[in-house]
Each structure stands twice: as C-alpha cells, then as structure tokens.
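Shown next: input-v6.tsv, containing TSV, C-alpha atoms (C1' of nucleotides).
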chain	number	residue	atom	x	y	z
T	859	MET	CA	46.09	-12.21	-88.98
T	860	TYR	CA	45.28	-15.84	-88.56
T	861	ASN	CA	42.72	-18.57	-88.86
T	862	TYR	CA	39.62	-16.65	-89.72
T	863	ARG	CA	37.72	-19.63	-91.05
T	864	GLY	CA	35.17	-20.72	-88.52
T	865	MET	CA	35.94	-17.79	-86.31
T	866	ALA	CA	32.69	-15.93	-86.79
T	867	ASP	CA	29.16	-17.09	-86.40
T	868	HIS	CA	28.39	-16.64	-90.07
T	869	LYS	CA	25.56	-14.20	-89.93
T	870	SER	CA	26.37	-12.68	-93.22
T	871	GLU	CA	26.80	-15.51	-95.65
T	872	GLU	CA	25.42	-13.57	-98.59
T	873	ALA	CA	27.94	-10.78	-98.60
T	874	ARG	CA	30.73	-13.23	-97.92
T	875	ASN	CA	29.74	-15.51	-100.74
T	876	ALA	CA	29.28	-12.58	-103.06
T	877	LEU	CA	32.81	-11.39	-102.33
T	878	TRP	CA	34.17	-14.85	-102.77
T	879	GLU	CA	32.36	-15.47	-106.02
T	880	MET	CA	33.54	-12.22	-107.50
T	881	GLY	CA	37.08	-13.32	-106.86
T	882	TYR	CA	37.79	-11.05	-103.91
T	883	ARG	CA	39.79	-12.33	-101.02
T	884	LEU	CA	38.03	-13.15	-97.81
T	885	THR	CA	40.28	-11.43	-95.36
T	886	PRO	CA	39.44	-11.36	-91.66
T	887	GLN	CA	39.11	-7.58	-91.88
T	888	ARG	CA	36.51	-7.84	-94.58
T	889	GLN	CA	34.59	-10.47	-92.70
T	890	LEU	CA	34.56	-8.45	-89.51
T	891	ILE	CA	33.41	-5.37	-91.40
T	892	VAL	CA	30.61	-7.32	-93.04
T	893	ASP	CA	29.64	-8.71	-89.63
T	894	ALA	CA	29.57	-5.25	-88.11
T	895	LEU	CA	27.30	-4.04	-90.87
T	896	GLN	CA	25.02	-7.00	-90.44
T	897	ASP	CA	24.83	-6.58	-86.67
T	898	SER	CA	24.22	-2.89	-86.92
T	899	GLU	CA	20.58	-2.96	-87.95
T	900	GLY	CA	21.68	-0.38	-90.47
T	901	HIS	CA	22.85	3.23	-90.12
T	902	ILE	CA	26.33	2.52	-88.98
T	903	SER	CA	29.18	4.92	-89.59
T	904	ALA	CA	32.68	4.03	-90.73
T	905	GLU	CA	34.04	4.99	-87.35
T	906	GLU	CA	31.56	2.80	-85.55
T	907	ILE	CA	32.46	-0.11	-87.76
T	908	HIS	CA	36.11	0.60	-87.09
T	909	ALA	CA	35.58	0.63	-83.33
T	910	GLN	CA	33.68	-2.63	-83.44
T	911	VAL	CA	36.24	-4.35	-85.61
T	912	LYS	CA	39.12	-3.05	-83.52
T	913	ALA	CA	37.62	-4.65	-80.44
T	914	ARG	CA	38.54	-7.97	-82.02
T	915	TYR	CA	41.57	-7.06	-84.08
T	916	PRO	CA	43.20	-3.95	-82.67
T	917	HIS	CA	45.43	-3.26	-85.65
T	918	VAL	CA	42.73	-2.81	-88.24
T	919	ASN	CA	43.01	0.57	-89.82
T	920	ILE	CA	40.13	2.86	-90.66
T	921	SER	CA	41.32	3.19	-94.23
T	922	THR	CA	40.67	-0.51	-94.64
T	923	VAL	CA	37.12	0.09	-93.45
T	924	TYR	CA	36.62	2.79	-96.04
T	925	ARG	CA	38.17	0.68	-98.77
T	926	THR	CA	35.97	-2.26	-97.91
T	927	LEU	CA	32.86	-0.10	-97.81
T	928	GLU	CA	33.84	1.22	-101.23
T	929	LEU	CA	34.09	-2.33	-102.49
T	930	LEU	CA	30.80	-3.42	-100.98
T	931	LYS	CA	29.11	-0.37	-102.43
T	932	SER	CA	30.45	-1.10	-105.88
T	933	LEU	CA	29.08	-4.63	-105.60
T	934	GLY	CA	25.71	-3.31	-104.56
T	935	LEU	CA	25.93	-5.01	-101.18
T	936	VAL	CA	25.86	-1.85	-99.16
T	937	THR	CA	24.18	1.50	-99.57
T	938	GLU	CA	25.49	4.80	-98.36
T	939	THR	CA	23.48	7.67	-96.93
T	940	ASP	CA	24.74	11.20	-96.58
T	941	MET	CA	23.42	12.21	-93.19
T	942	GLY	CA	24.33	15.83	-93.78
T	943	GLY	CA	27.59	17.66	-93.48
T	944	GLY	CA	29.40	14.97	-95.42
T	945	ARG	CA	28.96	12.30	-92.80
T	946	PHE	CA	28.03	8.96	-94.26
T	947	ARG	CA	26.31	5.99	-92.79
T	948	TYR	CA	26.09	2.53	-94.23
T	949	HIS	CA	23.47	-0.10	-94.52
T	950	PRO	CA	23.40	-3.66	-95.91
T	951	ALA	CA	21.46	-3.72	-99.16
T	952	ASP	CA	19.73	-7.00	-98.30
T	953	LYS	CA	17.93	-5.39	-95.41
T	954	GLY	CA	15.74	-3.48	-97.82
T	955	ARG	CA	15.67	0.04	-99.05
T	956	HIS	CA	14.38	2.70	-96.77
T	957	HIS	CA	14.91	6.29	-95.79
T	958	HIS	CA	15.56	8.20	-92.61
T	959	LEU	CA	13.88	10.85	-90.55
T	960	ILE	CA	16.38	12.46	-88.24
T	961	CYS	CA	15.25	14.47	-85.25
T	962	GLU	CA	17.30	17.63	-84.89
T	963	GLN	CA	16.50	17.72	-81.19
T	964	CYS	CA	17.15	14.22	-79.90
T	965	ASN	CA	19.07	12.81	-82.90
T	966	SER	CA	16.84	9.79	-83.08
T	967	VAL	CA	16.47	8.12	-86.47
T	968	ILE	CA	13.18	6.84	-87.77
T	969	ASP	CA	13.20	4.48	-90.73
T	970	ILE	CA	10.52	5.07	-93.30
T	971	GLU	CA	9.50	2.96	-96.22
T	972	GLU	CA	10.74	3.65	-99.68
T	973	SER	CA	7.16	3.79	-100.91
T	974	THR	CA	6.67	7.05	-99.04
T	975	PHE	CA	8.50	8.69	-101.91
T	976	SER	CA	6.80	7.04	-104.84
T	977	GLN	CA	4.32	9.87	-105.20
T	978	LEU	CA	7.12	12.43	-105.16
T	979	LYS	CA	9.13	10.45	-107.71
T	980	ARG	CA	6.18	10.35	-110.02
T	981	THR	CA	5.69	14.11	-109.72
T	982	LEU	CA	9.34	14.84	-110.44
T	983	LEU	CA	9.25	12.65	-113.52
T	984	LYS	CA	6.00	14.05	-114.82
T	985	ASP	CA	6.62	17.74	-114.10
T	986	TYR	CA	10.38	17.99	-114.58
T	987	GLY	CA	11.35	14.97	-116.66
T	988	PHE	CA	13.72	14.11	-113.84
T	989	LYS	CA	14.44	10.53	-112.85
T	990	ALA	CA	15.26	10.74	-109.17
T	991	HIS	CA	17.74	8.30	-107.71
T	992	LEU	CA	16.55	8.15	-104.16
T	993	ASN	CA	18.94	5.68	-102.69
T	994	HIS	CA	18.90	6.58	-99.09
T	995	ILE	CA	17.58	9.94	-98.12
T	996	ALA	CA	17.91	11.69	-94.81
T	997	ILE	CA	15.29	14.23	-93.88
T	998	PHE	CA	15.76	16.49	-90.90
T	999	GLY	CA	13.08	17.81	-88.61
T	1000	ARG	CA	11.41	17.17	-85.26
T	1001	CYS	CA	10.07	13.87	-84.07
T	1002	GLU	CA	6.80	13.37	-82.27
T	1003	ARG	CA	8.23	13.53	-78.76
T	1004	CYS	CA	10.32	16.63	-79.33
T	1005	ARG	CA	7.62	18.93	-80.58
B	410	MET	CA	39.70	49.14	-97.40
B	411	TYR	CA	38.37	52.40	-98.61
B	412	ASN	CA	35.40	54.32	-99.86
B	413	TYR	CA	32.85	51.62	-100.36
B	414	ARG	CA	29.93	53.98	-100.43
B	415	GLY	CA	28.73	54.46	-103.95
B	416	MET	CA	31.08	51.82	-105.18
B	417	ALA	CA	28.53	49.17	-106.00
B	418	ASP	CA	25.46	49.36	-108.10
B	419	HIS	CA	23.17	48.67	-105.18
B	420	LYS	CA	21.38	45.59	-106.37
B	421	SER	CA	20.92	44.27	-102.93
B	422	GLU	CA	19.42	47.05	-100.88
B	423	GLU	CA	17.30	44.72	-98.80
B	424	ALA	CA	20.08	42.69	-97.31
B	425	ARG	CA	22.16	45.78	-96.77
B	426	ASN	CA	19.37	47.61	-95.02
B	427	ALA	CA	18.59	44.59	-92.95
B	428	LEU	CA	22.18	44.38	-91.77
B	429	TRP	CA	22.24	48.06	-91.07
B	430	GLU	CA	18.98	48.08	-89.18
B	431	MET	CA	20.04	45.20	-87.00
B	432	GLY	CA	23.05	47.20	-85.94
B	433	TYR	CA	25.67	45.31	-87.94
B	434	ARG	CA	28.48	47.15	-89.62
B	435	LEU	CA	28.37	47.63	-93.33
B	436	THR	CA	31.87	46.65	-94.23
B	437	PRO	CA	32.96	46.53	-97.85
B	438	GLN	CA	33.51	42.81	-97.48
B	439	ARG	CA	29.94	42.25	-96.40
B	440	GLN	CA	28.59	44.36	-99.20
B	441	LEU	CA	30.63	42.52	-101.81
B	442	ILE	CA	29.52	39.19	-100.43
B	443	VAL	CA	25.90	40.25	-100.52
B	444	ASP	CA	26.38	41.46	-104.10
B	445	ALA	CA	27.95	38.17	-105.13
B	446	LEU	CA	25.00	36.28	-103.68
B	447	GLN	CA	22.56	38.55	-105.44
B	448	ASP	CA	24.32	38.25	-108.79
B	449	SER	CA	24.61	34.51	-108.50
B	450	GLU	CA	21.02	33.57	-109.32
B	451	GLY	CA	21.40	31.29	-106.36
B	452	HIS	CA	23.45	28.12	-105.75
B	453	ILE	CA	26.76	29.79	-105.16
B	454	SER	CA	29.43	28.22	-103.02
B	455	ALA	CA	31.57	29.96	-100.43
B	456	GLU	CA	34.62	29.52	-102.65
B	457	GLU	CA	32.86	31.05	-105.63
B	458	ILE	CA	31.82	34.01	-103.54
B	459	HIS	CA	35.36	34.32	-102.30
B	460	ALA	CA	36.79	34.29	-105.84
B	461	GLN	CA	34.31	36.90	-106.97
B	462	VAL	CA	34.96	39.18	-104.01
B	463	LYS	CA	38.72	38.78	-104.32
B	464	ALA	CA	38.56	40.02	-107.89
B	465	ARG	CA	37.72	43.42	-106.40
B	466	TYR	CA	39.49	43.27	-103.07
B	467	PRO	CA	42.31	40.76	-103.21
B	468	HIS	CA	42.89	40.56	-99.48
B	469	VAL	CA	39.47	39.32	-98.47
B	470	ASN	CA	39.79	36.08	-96.60
B	471	ILE	CA	37.55	33.07	-97.04
B	472	SER	CA	36.90	32.93	-93.32
B	473	THR	CA	35.22	36.31	-93.64
B	474	VAL	CA	33.00	34.83	-96.33
B	475	TYR	CA	31.99	31.99	-94.05
B	476	ARG	CA	31.41	34.32	-91.13
B	477	THR	CA	29.26	36.61	-93.23
B	478	LEU	CA	27.25	33.70	-94.58
B	479	GLU	CA	26.74	32.54	-91.03
B	480	LEU	CA	25.45	36.00	-90.13
B	481	LEU	CA	23.15	36.21	-93.14
B	482	LYS	CA	21.80	32.77	-92.38
B	483	SER	CA	21.06	33.70	-88.79
B	484	LEU	CA	19.17	36.74	-90.03
B	485	GLY	CA	17.19	34.61	-92.44
B	486	LEU	CA	18.59	36.44	-95.44
B	487	VAL	CA	20.32	33.46	-96.93
B	488	THR	CA	19.56	29.77	-97.02
B	489	GLU	CA	22.07	26.99	-97.16
B	490	THR	CA	21.80	23.76	-99.11
B	491	ASP	CA	23.91	20.69	-98.55
B	492	MET	CA	24.62	19.56	-102.07
B	493	GLY	CA	26.08	16.28	-100.86
B	494	GLY	CA	29.41	15.38	-99.42
B	495	GLY	CA	29.29	18.30	-97.03
B	496	ARG	CA	29.56	20.94	-99.71
B	497	PHE	CA	27.23	23.83	-99.13
B	498	ARG	CA	25.74	26.30	-101.53
B	499	TYR	CA	23.99	29.50	-100.70
B	500	HIS	CA	20.99	31.34	-101.95
B	501	PRO	CA	19.35	34.69	-101.12
B	502	ALA	CA	16.15	34.11	-99.20
B	503	ASP	CA	14.28	36.84	-101.05
B	504	LYS	CA	14.54	34.90	-104.26
B	505	GLY	CA	12.06	32.42	-102.88
B	506	ARG	CA	12.29	29.02	-101.35
B	507	HIS	CA	12.89	26.17	-103.66
B	508	HIS	CA	14.67	22.87	-103.96
B	509	HIS	CA	17.15	21.36	-106.36
B	510	LEU	CA	17.29	18.49	-108.76
B	511	ILE	CA	20.88	17.71	-109.58
B	512	CYS	CA	21.78	15.65	-112.62
B	513	GLU	CA	24.48	13.14	-111.83
B	514	GLN	CA	25.51	13.07	-115.48
B	515	CYS	CA	25.78	16.70	-116.55
B	516	ASN	CA	25.69	18.34	-113.09
B	517	SER	CA	22.95	20.71	-114.13
B	518	VAL	CA	20.70	22.02	-111.39
B	519	ILE	CA	16.96	22.35	-111.82
B	520	ASP	CA	15.05	24.47	-109.34
B	521	ILE	CA	11.75	23.09	-108.21
B	522	GLU	CA	9.03	24.71	-106.22
B	523	GLU	CA	8.71	24.17	-102.52
B	524	SER	CA	5.12	23.07	-102.99
B	525	THR	CA	6.34	19.90	-104.67
B	526	PHE	CA	7.03	18.59	-101.20
B	527	SER	CA	3.86	19.60	-99.44
B	528	GLN	CA	2.24	16.23	-100.07
B	529	LEU	CA	5.29	14.44	-98.69
B	530	LYS	CA	5.38	16.68	-95.65
B	531	ARG	CA	1.78	15.93	-94.92
B	532	THR	CA	2.42	12.20	-95.20
B	533	LEU	CA	5.40	12.33	-92.85
B	534	LEU	CA	3.40	14.24	-90.29
B	535	LYS	CA	0.38	12.00	-90.51
B	536	ASP	CA	2.13	8.64	-90.67
B	537	TYR	CA	5.19	9.27	-88.52
B	538	GLY	CA	4.34	12.32	-86.43
B	539	PHE	CA	7.43	13.90	-87.89
B	540	LYS	CA	7.61	17.61	-88.64
B	541	ALA	CA	10.02	17.83	-91.55
B	542	HIS	CA	12.21	20.89	-91.90
B	543	LEU	CA	12.77	20.97	-95.61
B	544	ASN	CA	14.88	24.03	-96.04
B	545	HIS	CA	16.70	23.41	-99.21
B	546	ILE	CA	16.82	19.89	-100.45
B	547	ALA	CA	19.04	18.46	-103.13
B	548	ILE	CA	17.85	15.38	-104.95
B	549	PHE	CA	20.18	13.49	-107.25
B	550	GLY	CA	19.23	11.69	-110.42
B	551	ARG	CA	19.16	12.09	-114.17
B	552	CYS	CA	17.74	15.02	-116.06
B	553	GLU	CA	15.62	14.78	-119.17
B	554	ARG	CA	18.49	15.18	-121.64
B	555	CYS	CA	20.78	12.70	-119.97
B	556	ARG	CA	18.49	9.73	-119.92
A	206	DT	C1'	55.39	-16.48	-106.52
A	207	DT	C1'	52.65	-13.12	-107.79
A	208	DT	C1'	48.95	-10.32	-107.02
A	209	DC	C1'	45.85	-8.37	-103.85
A	210	DG	C1'	44.99	-6.26	-99.48
A	211	DT	C1'	46.61	-3.87	-95.51
A	212	DG	C1'	48.75	-0.50	-92.20
A	213	DC	C1'	50.65	3.72	-91.71
A	214	DA	C1'	51.15	8.42	-92.40
A	215	DA	C1'	50.26	12.09	-94.91
A	216	DA	C1'	47.18	14.62	-97.87
A	217	DC	C1'	42.72	16.17	-98.85
A	218	DC	C1'	38.59	19.27	-98.95
A	219	DC	C1'	35.76	22.39	-96.96
A	220	DT	C1'	34.67	24.63	-92.84
A	221	DT	C1'	35.68	26.58	-88.25
A	222	DT	C1'	38.37	28.89	-84.63
A	223	DG	C1'	41.93	31.70	-81.82
A	224	DC	C1'	44.21	35.65	-81.69
A	225	DA	C1'	46.33	40.00	-82.84
A	226	DT	C1'	45.19	43.89	-85.73
A	227	DT	C1'	42.21	46.98	-88.13
A	228	DT	C1'	38.05	49.50	-88.85
A	229	DG	C1'	33.26	51.20	-88.69
A	230	DC	C1'	30.67	54.18	-86.20
W	1043	DG	C1'	37.95	55.23	-78.44
W	1044	DC	C1'	35.97	50.86	-78.35
W	1045	DA	C1'	33.42	47.08	-79.62
W	1046	DA	C1'	32.87	44.62	-83.77
W	1047	DA	C1'	34.91	42.68	-87.88
W	1048	DT	C1'	38.84	41.10	-90.40
W	1049	DG	C1'	43.12	38.52	-91.86
W	1050	DC	C1'	46.05	35.01	-91.03
W	1051	DA	C1'	47.35	30.67	-89.81
W	1052	DA	C1'	46.36	26.73	-87.72
W	1053	DA	C1'	43.05	23.19	-86.32
W	1054	DG	C1'	39.25	20.39	-87.22
W	1055	DG	C1'	36.55	16.20	-88.94
W	1056	DG	C1'	35.63	12.77	-91.95
W	1057	DT	C1'	37.39	10.73	-96.06
W	1058	DT	C1'	41.05	9.46	-99.49
W	1059	DT	C1'	45.61	8.21	-101.29
W	1060	DG	C1'	50.73	6.65	-101.98
W	1061	DC	C1'	53.72	3.47	-100.80
W	1062	DA	C1'	56.11	-0.39	-98.84
W	1063	DC	C1'	55.17	-4.47	-96.31
W	1064	DG	C1'	52.53	-8.73	-95.55
W	1065	DA	C1'	49.44	-12.30	-96.59
W	1066	DA	C1'	46.08	-15.04	-99.77
W	1067	DA	C1'	45.70	-18.08	-103.56
Can you give me the file's structure in the form of structure tokens?
Amino acid sequence: MYNYRGMADHKSEEARNALWEMGYRLTPQRQLIVDALQDSEGHISAEEIHAQVKARYPHVNISTVYRTLELLKSLGLVTETDMGGGRFRYHPADKGRHHHLICEQCNSVIDIEESTFSQLKRTLLKDYGFKAHLNHIAIFGRCERCR
Amino acid sequence: MYNYRGMADHKSEEARNALWEMGYRLTPQRQLIVDALQDSEGHISAEEIHAQVKARYPHVNISTVYRTLELLKSLGLVTETDMGGGRFRYHPADKGRHHHLICEQCNSVIDIEESTFSQLKRTLLKDYGFKAHLNHIAIFGRCERCR
DNA sequence: TTTCGTGCAAACCCTTTGCATTTGC
DNA sequence: GCAAATGCAAAGGGTTTGCACGAAA
C-alpha cells in the first residue's frame, strides 16, 4: 500500500498527530479509519468504517479496523458506545461527549448533551456512593414522531 | 423426564400458575428454570440457570433455557438486562423493577430503585419529546469501596 | 534490519434456529 | 393422538486472536 502522504484531505490532523507523536506508525489503513470516523458525524460501526475504507483500499481487513479502534480508544481519541446486544459504535472524542436516544420504532438516533445526566450522577453519588462512568450511554424508547 | 409434581418446594407458584393459566405446559424444565430464577435473587444469566438446572436434570439443553426465558419475558414474568457486551441477565418481575450499578473494579452489583430515573425520564420527555423505555439499565462505574 | 502492522482464517462467546423426537395433556 | 416442547447440532453475528507475511522507520 503506497504513497499515502498527501493522499487524503487532512480532516483529522489531531488524531493523526497524536498517533505519530506516540510513536505509532501512520499507515494508510489507520489514516483511512481515522478519516471515516471524522466524516461520520459520530455513531459509526466497525462494519461501516470497514465498508468505507474498503471503497478506497479493497484489501483492508475488518480485524485491522477493530485493532485500530482499540488503539484509538486506548489513546482516548475515540469513545465506544454499546448500542445494545453487544453492538458497538464509535465516535471521535474531540467531537464532544454526548449520549444517545434510540427510537425502537424508526431506529433514529438523537444526540443529547452530557449535562442531561449530571443530576442523575449526583444522585447516584449521594445516595449510593457510586461514581458513575457515563461514557456514552444509549437509551431506548420512542421518539416524538413515532408515538 | 419423570414425576415432577411434588418434586420442588414450590417457591414460585405465581410464575407456574401464570404459565398454567395461559395454557402453557408445565414441563419439568420450565419449573426448574422458574425455580432457578426465583432462587437467584435476580441477575442470573442463562448459563447460570442452565448449570443449576443441569445439576438436577443433566440432559436439559441451554436452548430450552433461552426459549423458556423468551416465553417468560413475553408474559411479563421476567425482565432482561443487557449487562454490556451483549450479555444478558434475568430477573423475576415480581421482585420489583430496579436498575443496576456495576462496579468495574470488583464487579459487584448494586440494585437501585426505578424512581432514581424518574427525573431523567421527565427531562427526556420534556426536552427531546422522547419516551424512554427504561426496563433494566446497567450503569458502570466505581463503587464506594473501590474508589 | 528489525520491529510493528496487516491480512487471512479460524476461534470466540452468547444467542438463535431447523428439524426430528419426545412429552404433556 | 396431537400439538407443543425439547434436545441436538449447526448457524448466526459481531468481535477477537494466532500466525506468517509485508511494510515502516
């Protein structure tokens, strides 16, 4: 896999630089995965990333996607949300923390602000001594249109 | 599979009667599964139920456990919680609705009252027009001892 | 050149399903 | 006797892993 410098339109300098600075190699696969995440507006699945990356480089394997996501997670560049049933979706950390409302009827996803949970967090800490780690939460229900 | 009448110590009359009244057969498997759920104090996994049932009737298959849980769910006798990563745990409905705080350090589970979320539910409805279905929720974090 | 990253295929874990057989009623 | 329930084995879906090859520094 050749000449990846200058190939992409550098939307995702931060993640790239972070990888570079930590001593990780800037492979084309990693760059394309980072690009896909950045383009996604969040909530992208590993398979969707894979499909997008394959459109450019057909031989990229999905295990590389998972391994790269693992790396980005460990560097705090990406957060992972369990959307139920063990399906994960990914989101660039620099796009801000938020949570998801998922409509069981139409499958639409509504982003909600992290602050929506601050009251709940306080209650859990006060009443149960429990420090909640609400990274990305998915809440299921019915959206406005589907009720 | 023989003589199941009078074999168990009838802790779980309700579920049994409910099954019976709805016209479902009272097989020994179903009774043992219901017993396992009842004994579990909640939060039992399909595999744990299976192990417990097999101790009495070695030939019971895990698919029967899943099918019975499916049935009990559809009758509203059991609720299912996704404890992350697509692993489900089950809980008898008559033991009351509640949610879970799971410590990432020591894996302990704290039950919390459903009412803890009523404020959040109201906010989601008011601000996003979203009717949340909070059946059983699992929230990860750190418990009092592990901080 | 030496280590790191990748592709491939197989394994994994839990859950679900198809089908022939058994069993409750 | 007959529909309903079970056991078995195989499939399923998304994720992970072992290993040999290939490429980055």
Self-check item: Point-to-point distance in Å for atom C1' of W:DA1067 and atom CA of T:Arg925
Solution: 20.8 Å
Which residues of chain A come within 10 Å of chain B, and for each one, what is the closest pair of atoms and their distance in Å to one decimal, counting only C-alpha atoms (C1' of nucleotides), sorted by chain and residue number, as a Markdown table?
| residue | atom | partner | partner_atom | distance |
| --- | --- | --- | --- | --- |
| A:DC218 | C1' | B:Arg496 | CA | 9.2 |
| A:DC219 | C1' | B:Arg496 | CA | 6.9 |
| A:DT220 | C1' | B:Tyr475 | CA | 7.9 |
| A:DT221 | C1' | B:Ser472 | CA | 8.2 |
| A:DT222 | C1' | B:Ser472 | CA | 9.7 |
| A:DT227 | C1' | B:Met410 | CA | 9.8 |
| A:DT228 | C1' | B:Thr436 | CA | 8.7 |
| A:DG229 | C1' | B:Arg434 | CA | 6.3 |
| A:DC230 | C1' | B:Arg434 | CA | 8.1 |
Give me, as JSON lines, each residue of chain B that comes within 9 Å of chain T, together with its shortest interatomic pair and the distance in Å at one decimal, counting only C-alpha atoms, with rows ordered by chain and rising residue number.
{"residue": "B:Asp491", "atom": "CA", "partner": "T:Gly942", "partner_atom": "CA", "distance": 6.8}
{"residue": "B:Gly493", "atom": "CA", "partner": "T:Gly944", "partner_atom": "CA", "distance": 6.5}
{"residue": "B:Gly494", "atom": "CA", "partner": "T:Gly944", "partner_atom": "CA", "distance": 4.0}
{"residue": "B:Gly495", "atom": "CA", "partner": "T:Gly944", "partner_atom": "CA", "distance": 3.7}
{"residue": "B:Arg496", "atom": "CA", "partner": "T:Gly943", "partner_atom": "CA", "distance": 7.3}
{"residue": "B:Phe497", "atom": "CA", "partner": "T:Gly943", "partner_atom": "CA", "distance": 8.4}
{"residue": "B:Leu510", "atom": "CA", "partner": "T:Phe988", "partner_atom": "CA", "distance": 7.6}
{"residue": "B:Ile511", "atom": "CA", "partner": "T:Ala990", "partner_atom": "CA", "distance": 9.0}
{"residue": "B:Cys512", "atom": "CA", "partner": "T:Phe988", "partner_atom": "CA", "distance": 8.3}
{"residue": "B:Ile519", "atom": "CA", "partner": "T:Tyr986", "partner_atom": "CA", "distance": 8.4}
{"residue": "B:Ile521", "atom": "CA", "partner": "T:Tyr986", "partner_atom": "CA", "distance": 8.3}
{"residue": "B:Thr525", "atom": "CA", "partner": "T:Leu978", "partner_atom": "CA", "distance": 7.5}
{"residue": "B:Phe526", "atom": "CA", "partner": "T:Leu978", "partner_atom": "CA", "distance": 7.3}
{"residue": "B:Gln528", "atom": "CA", "partner": "T:Leu978", "partner_atom": "CA", "distance": 8.0}
{"residue": "B:Leu529", "atom": "CA", "partner": "T:Leu978", "partner_atom": "CA", "distance": 7.0}
{"residue": "B:Thr532", "atom": "CA", "partner": "T:Thr974", "partner_atom": "CA", "distance": 7.7}
{"residue": "B:Leu533", "atom": "CA", "partner": "T:Thr974", "partner_atom": "CA", "distance": 8.2}
{"residue": "B:Leu534", "atom": "CA", "partner": "T:Glu1002", "partner_atom": "CA", "distance": 8.8}
{"residue": "B:Tyr537", "atom": "CA", "partner": "T:Glu1002", "partner_atom": "CA", "distance": 7.6}
{"residue": "B:Gly538", "atom": "CA", "partner": "T:Glu1002", "partner_atom": "CA", "distance": 4.9}
{"residue": "B:Phe539", "atom": "CA", "partner": "T:Cys1001", "partner_atom": "CA", "distance": 4.6}
{"residue": "B:Lys540", "atom": "CA", "partner": "T:Arg1000", "partner_atom": "CA", "distance": 5.1}
{"residue": "B:Ala541", "atom": "CA", "partner": "T:Gly999", "partner_atom": "CA", "distance": 4.2}
{"residue": "B:His542", "atom": "CA", "partner": "T:Gly999", "partner_atom": "CA", "distance": 4.6}
{"residue": "B:Leu543", "atom": "CA", "partner": "T:Phe998", "partner_atom": "CA", "distance": 7.2}
{"residue": "B:Ile546", "atom": "CA", "partner": "T:Ile997", "partner_atom": "CA", "distance": 8.8}
{"residue": "B:Ile548", "atom": "CA", "partner": "T:Ala990", "partner_atom": "CA", "distance": 6.8}
{"residue": "B:Phe549", "atom": "CA", "partner": "T:His991", "partner_atom": "CA", "distance": 5.8}
{"residue": "B:Gly550", "atom": "CA", "partner": "T:Ala990", "partner_atom": "CA", "distance": 4.3}
{"residue": "B:Arg551", "atom": "CA", "partner": "T:Lys989", "partner_atom": "CA", "distance": 5.1}
{"residue": "B:Cys552", "atom": "CA", "partner": "T:Phe988", "partner_atom": "CA", "distance": 4.7}
{"residue": "B:Glu553", "atom": "CA", "partner": "T:Gly987", "partner_atom": "CA", "distance": 5.0}
{"residue": "B:Arg554", "atom": "CA", "partner": "T:Gly987", "partner_atom": "CA", "distance": 8.7}
{"residue": "B:Arg556", "atom": "CA", "partner": "T:Lys989", "partner_atom": "CA", "distance": 8.2}
Quiz item: What separation in Å, quoted to one decimal, exists between atom C1' of W:DG1060 and atom CA of T:Arg947?
Solution: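 Computing it gives 26.1 Å between the two atoms.
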Quiz item: Can you tell me, as a ChimeraX atom specification, what residues are no more than 8 Å from stretch 208-213 of chain A when counting only C-alpha atoms (C1' of nucleotides), ignoring any on the same chain fewer than 3 positions away?
Solution: /T:883,917-919,922 /W:1064,1066
As a PDB file, in the coordinates of the input, the rebuilt stretch 479-491 of chain B with N, CA, C and O atoms:
ATOM      1  N   GLU B 479      27.306  32.933 -92.308  1.00  0.00           N
ATOM      2  CA  GLU B 479      26.740  32.540 -91.030  1.00  0.00           C
ATOM      3  C   GLU B 479      25.787  33.621 -90.508  1.00  0.00           C
ATOM      4  O   GLU B 479      24.662  33.349 -90.080  1.00  0.00           O
ATOM      5  N   LEU B 480      26.250  34.861 -90.580  1.00  0.00           N
ATOM      6  CA  LEU B 480      25.450  36.000 -90.130  1.00  0.00           C
ATOM      7  C   LEU B 480      24.164  36.126 -90.951  1.00  0.00           C
ATOM      8  O   LEU B 480      23.067  36.261 -90.400  1.00  0.00           O
ATOM      9  N   LEU B 481      24.309  36.067 -92.261  1.00  0.00           N
ATOM     10  CA  LEU B 481      23.150  36.210 -93.140  1.00  0.00           C
ATOM     11  C   LEU B 481      22.153  35.079 -92.931  1.00  0.00           C
ATOM     12  O   LEU B 481      20.938  35.295 -92.970  1.00  0.00           O
ATOM     13  N   LYS B 482      22.675  33.906 -92.692  1.00  0.00           N
ATOM     14  CA  LYS B 482      21.800  32.770 -92.380  1.00  0.00           C
ATOM     15  C   LYS B 482      21.006  33.049 -91.122  1.00  0.00           C
ATOM     16  O   LYS B 482      19.791  32.876 -91.081  1.00  0.00           O
ATOM     17  N   SER B 483      21.707  33.496 -90.082  1.00  0.00           N
ATOM     18  CA  SER B 483      21.060  33.700 -88.790  1.00  0.00           C
ATOM     19  C   SER B 483      20.003  34.794 -88.876  1.00  0.00           C
ATOM     20  O   SER B 483      19.064  34.830 -88.082  1.00  0.00           O
ATOM     21  N   LEU B 484      20.162  35.687 -89.836  1.00  0.00           N
ATOM     22  CA  LEU B 484      19.170  36.740 -90.030  1.00  0.00           C
ATOM     23  C   LEU B 484      18.077  36.318 -91.001  1.00  0.00           C
ATOM     24  O   LEU B 484      17.171  37.090 -91.312  1.00  0.00           O
ATOM     25  N   GLY B 485      18.200  35.095 -91.513  1.00  0.00           N
ATOM     26  CA  GLY B 485      17.190  34.610 -92.440  1.00  0.00           C
ATOM     27  C   GLY B 485      17.290  35.217 -93.823  1.00  0.00           C
ATOM     28  O   GLY B 485      16.350  35.158 -94.607  1.00  0.00           O
ATOM     29  N   LEU B 486      18.434  35.799 -94.132  1.00  0.00           N
ATOM     30  CA  LEU B 486      18.590  36.440 -95.440  1.00  0.00           C
ATOM     31  C   LEU B 486      19.134  35.492 -96.497  1.00  0.00           C
ATOM     32  O   LEU B 486      19.051  35.760 -97.688  1.00  0.00           O
ATOM     33  N   VAL B 487      19.704  34.423 -96.024  1.00  0.00           N
ATOM     34  CA  VAL B 487      20.320  33.460 -96.930  1.00  0.00           C
ATOM     35  C   VAL B 487      19.971  32.055 -96.463  1.00  0.00           C
ATOM     36  O   VAL B 487      19.879  31.809 -95.262  1.00  0.00           O
ATOM     37  N   THR B 488      19.751  31.166 -97.396  1.00  0.00           N
ATOM     38  CA  THR B 488      19.560  29.770 -97.020  1.00  0.00           C
ATOM     39  C   THR B 488      20.712  28.943 -97.572  1.00  0.00           C
ATOM     40  O   THR B 488      21.346  29.303 -98.555  1.00  0.00           O
ATOM     41  N   GLU B 489      20.923  27.840 -96.894  1.00  0.00           N
ATOM     42  CA  GLU B 489      22.070  26.990 -97.160  1.00  0.00           C
ATOM     43  C   GLU B 489      21.562  25.631 -97.620  1.00  0.00           C
ATOM     44  O   GLU B 489      20.641  25.102 -97.018  1.00  0.00           O
ATOM     45  N   THR B 490      22.166  25.096 -98.653  1.00  0.00           N
ATOM     46  CA  THR B 490      21.800  23.760 -99.110  1.00  0.00           C
ATOM     47  C   THR B 490      23.022  22.862 -99.091  1.00  0.00           C
ATOM     48  O   THR B 490      24.073  23.240 -99.610  1.00  0.00           O
ATOM     49  N   ASP B 491      22.858  21.692 -98.513  1.00  0.00           N
ATOM     50  CA  ASP B 491      23.910  20.690 -98.550  1.00  0.00           C
ATOM     51  C   ASP B 491      23.793  19.939 -99.858  1.00  0.00           C
ATOM     52  O   ASP B 491      22.885  19.143-100.042  1.00  0.00           O
TER      53      ASP B 491
END
